[in-house]
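Structure record follows, encoded as structure tokens.
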Amino acid sequence: MPEQRRRSVVIIGAGPVGCALATLLRRRGTRVDLFERASAAADAGSGRSFNLTLTSRGLDRLPGSVRRRIYLRGTVLVKRVIHHRDGAISTQPYGSASAHHLLSVPRRVLQNILRDQALAAGARIHYDSTCVGVDTARPSAQLRHRDGNSTWVTGDLLIGCDGSGSAVRRLMTGRHPGDISASCTTIEHGHTEISMAYGDADPTGMHLWPRGDHFLQSQPNRDGTFTTSLFKPLAGDPLRPHFAGMTRQEEAEAYCAREFPDVYPRMRQVGEDLTSRPPGRLRIVDCAPHHHGRAVLVGDAAHAVVPFFGQGINCGFEDAGILAGLLDRFGFPACEESGTVVEAVAAEYSRLRVDQCRALADLSMENLQELSSGVDSSEVLARRALERRLQELHPELCPSLYQLVAFSDVPYETTRRRHRESAALLDSLCRGRDLRRDRETVIDEFVGSFGGRWRTGAAN
Ligand SMILES: Cc1cc2nc3c(=O)[nH]c(=O)nc-3n(C[C@H](O)[C@H](O)[C@H](O)COP(=O)(O)OP(=O)(O)OC[C@H]3O[C@@H](n4cnc5c(N)ncnc54)[C@H](O)[C@@H]3O)c2cc1C
């Protein structure tokens, strides 16, 4: 098809999700222009340096050639390595099959790969272009450029991929408050990266130090270094955000020496790391629907979640794959008149995504407990052993919650419902029983009640 007759899409934000979506759309012959607030020399994406873990839920939405490039630069993690308070170390595999692994990639590396792939596919990226206005009917966006001038650009479809602080979302909800609404909640936990020389540690696992309401996490990189982050509640001081009980370097050092004595000697500048700049804040964005007129929101712009399930970007790639699939299904790339097609696609996209993203937001917040809980009473350990045994014996019927969230395409909402039902049933079967003695009986009873109702992938 001649270039001038192709359908065109305007994407605001050339972060990882915007670039991944641009590649998917270019492969369908659509013209794609991305407008990015940052300058070409700076980094697009959400600013801070941290590693992102990708799982098959998100990776499988990307073209194979893009996936292969990411694997070449990432680190495969097959288990959690848990560093207990008493110095003991235990491991938990992420799943039961070779596909059940995380791919850990530094955010900048991932961003660069996705940007280069979008450009190679023929997308155009316009830097120093900040979105300051939207019109969802035409649809078009107003961009302010570095020289202070602004221009309007129009396409057949407008997509906001401009992250959790999305201007597109703010402008849409501001102009159409009766049709679309959004809220943004900042949670009490913040995060900061800590320099830690940990090169001799096991490079195939995600290292975790759960310590009650806070935890330390260290992810291996391909070059033998580790990226280490602390997640901890902040003091309620809006003028000077800092971790609770840590305004001075000595307090931060004493805290790490007490909580993480096994690795404290490897944290050479931890006092400075923890006090010299404000910790990053973590936001939950809830928005419904994810569209208005001929404009849609994709990625964090529609649904930022806390990172405790490591699914934010995976969910963004899932959005991108689903939106590209809908555009195909409704005949967008070759349609004669795009208006009604785009409106139908946008409405269907919202219908498919809003509840899923809300379910992920809940699951992500609930997983904070799993990551930070250091309480391993004998009852908790017996219950976990029973769940592991159940998963070993009946992997189809009882995949772990983690497996379903990270490594399947079962909708998040179905996953959450299934998990809640199975946990409630197990609670009732375990009540008043000695699980070391009655484990096999509980498993048989569980399979009798739960089997047939839920099979992986069958009950969506
Ligand atoms: C500490 C932490 C750890 C995380 N770990 C994981 C993980 O392990 N796995 C995972 O899946 N997810 C993780 N996430 C979530 C992940 O970072 C986000 O889901 C992901 O960055 C979202 O990508 P995005 O492209 O939607 O938004 P962003 O990365 O925020 O990119 C948005 C882009 O839009 C541009 N932009 C913003 N405003 C405008 C404007 N007005 N005009 C033009 N351009 C604009 C920005 O410059 C940026 O380039 C983590 C998040 C945090 C905070």
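Within each chain, counting starts at residue 1; across the structure tokens, chains are named A, B, ... in the order shown, with ligands numbered 1 upward in that order.
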Contacts with ligand 1 at most 6 Å, only C-alpha atoms and all ligand atoms counted, listed as a ChimeraX atom specification: /A:12-18,35-38,44-46,52-54,129-131,161-164,166-167,282,299-301,307,310-314
Selection near Asp319 of chain A, 10 Å with only C-alpha atoms, sequence-local residues under 5 positions removed, as JSON, numbers by chain: {"A": [17, 21, 58, 61, 297, 298, 299, 302, 313, 314, 324, 325, 349, 350, 352, 353, 357]}
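When only C-alpha atoms are used to compute distances to Leu143 of chain A, the closest of the residues A:Leu34, A:Gly74, A:Ser181, A:Gly236 turns out to be A:Leu34.
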Residue neighbourhood Gly280 of chain A, 10 Å, only C-alpha atoms, exclusion window fewer than 4 positions, as an MDAnalysis selection string: chainID A and resid 48 189:193 231 241:242
Written file, previous selection with C-alpha atoms, as a PDB file, in the first residue's frame:
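Saved to again_16.pdb:
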```pdb
ATOM      1  CA  ARG A  48      15.260   5.926  37.590  1.00  0.00           C
ATOM      2  CA  HIS A 189       6.734   2.223  50.700  1.00  0.00           C
ATOM      3  CA  GLY A 190       9.534   3.892  48.765  1.00  0.00           C
ATOM      4  CA  HIS A 191      12.592   2.411  47.043  1.00  0.00           C
ATOM      5  CA  THR A 192      16.258   3.252  46.584  1.00  0.00           C
ATOM      6  CA  GLU A 193      19.132   1.571  44.805  1.00  0.00           C
ATOM      7  CA  PHE A 231      11.868  -1.271  49.635  1.00  0.00           C
ATOM      8  CA  PRO A 241      10.703  12.261  51.815  1.00  0.00           C
ATOM      9  CA  HIS A 242      13.029   9.766  53.519  1.00  0.00           C
TER      10      HIS A 242
END
```
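Summary of the local environment: counting only C-alpha atoms, residues at most 12 Å from Arg420 of chain A, other than itself and those fewer than 5 positions away along its chain, are Ala359, Leu363, Glu366, Ser400, Leu401, Glu413, Thr414, Thr415, Leu425, Leu426 and Asp427 of chain A.
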Written file, previous selection with N, CA and C atoms, as a compact mmCIF listing (two decimals), in the first residue's frame:
```txt
# COMPACT_ATOMS: atom_id res chain seq x y z
N ALA A 359 -7.32 -6.08 38.62
CA ALA A 359 -6.97 -7.32 39.34
C ALA A 359 -5.45 -7.37 39.56
N LEU A 363 -3.39 -7.78 43.05
CA LEU A 363 -2.44 -8.88 43.25
C LEU A 363 -1.05 -8.34 43.58
N GLU A 366 -0.94 -7.17 47.14
CA GLU A 366 -0.97 -8.31 48.06
C GLU A 366 0.38 -9.02 48.11
N SER A 400 0.97 -22.63 40.85
CA SER A 400 1.05 -21.60 41.89
C SER A 400 0.48 -20.28 41.34
N LEU A 401 0.12 -19.40 42.25
CA LEU A 401 -0.37 -18.08 41.85
C LEU A 401 0.69 -17.39 40.99
N GLU A 413 -7.68 -11.33 36.16
CA GLU A 413 -8.88 -11.35 36.98
C GLU A 413 -9.27 -12.80 37.28
N THR A 414 -9.17 -13.66 36.26
CA THR A 414 -9.49 -15.08 36.46
C THR A 414 -8.49 -15.70 37.43
N THR A 415 -7.23 -15.32 37.27
CA THR A 415 -6.17 -15.84 38.14
C THR A 415 -6.46 -15.48 39.60
N LEU A 425 -10.78 -22.71 50.00
CA LEU A 425 -11.07 -24.14 50.16
C LEU A 425 -9.98 -24.80 51.01
N LEU A 426 -8.72 -24.48 50.70
CA LEU A 426 -7.63 -25.07 51.49
C LEU A 426 -7.72 -24.65 52.95
N ASP A 427 -8.06 -23.36 53.19
CA ASP A 427 -8.21 -22.89 54.58
C ASP A 427 -9.22 -23.76 55.31
```
Non-local contacts of Gln217 of chain A (9 Å; only C-alpha atoms; under 3 positions in same chain excluded) as a ChimeraX atom specification: /A:206-210,227-231
Save out the residues we just selected, C-alpha atoms, as a PDB file, in the first residue's frame.
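Saved the output as out.pdb:
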```pdb
ATOM      1  CA  MET A 206      16.709 -13.202  42.602  1.00  0.00           C
ATOM      2  CA  HIS A 207      18.173 -12.611  46.083  1.00  0.00           C
ATOM      3  CA  LEU A 208      15.710 -11.493  48.702  1.00  0.00           C
ATOM      4  CA  TRP A 209      16.066 -10.446  52.369  1.00  0.00           C
ATOM      5  CA  PRO A 210      12.479 -10.381  53.782  1.00  0.00           C
ATOM      6  CA  THR A 227      21.442  -4.290  41.079  1.00  0.00           C
ATOM      7  CA  THR A 228      20.268  -4.007  44.683  1.00  0.00           C
ATOM      8  CA  SER A 229      17.231  -2.100  45.962  1.00  0.00           C
ATOM      9  CA  LEU A 230      15.683  -1.485  49.340  1.00  0.00           C
ATOM     10  CA  PHE A 231      11.868  -1.271  49.635  1.00  0.00           C
TER      11      PHE A 231
END
```
Option closest in space to Gly165 of chain A, from A:Asp434, A:Asp286, A:Asp86, A:Glu259 [counting only C-alpha atoms]: A:Asp286
Residue neighbourhood Phe226 of chain A, 12 Å, only C-alpha atoms, exclusion window fewer than 3 positions, as an NGL selection string: :A and (50-51 or 75 or 104-106 or 193-207 or 217-223 or 229 or 266-267)
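Nearest to Ala244 of chain A of all the residues A:Leu216, A:Ala257, A:Leu386, A:Thr275 is A:Thr275, counting only C-alpha atoms.
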Within 9 Å of Ser90 of chain A using only C-alpha atoms, minus same-chain residues under 3 positions, as number ranges by chain: A: 80-84
Using C-alpha atoms, can you export the residues from the last selection as a PDB file, in the first residue's frame?
```
ATOM      1  CA  ARG A  80      14.252 -16.869  44.553  1.00  0.00           C
ATOM      2  CA  VAL A  81      17.193 -17.101  46.955  1.00  0.00           C
ATOM      3  CA  ILE A  82      15.910 -16.140  50.389  1.00  0.00           C
ATOM      4  CA  HIS A  83      18.313 -14.830  53.014  1.00  0.00           C
ATOM      5  CA  HIS A  84      16.663 -15.386  56.397  1.00  0.00           C
TER       6      HIS A  84
END
```
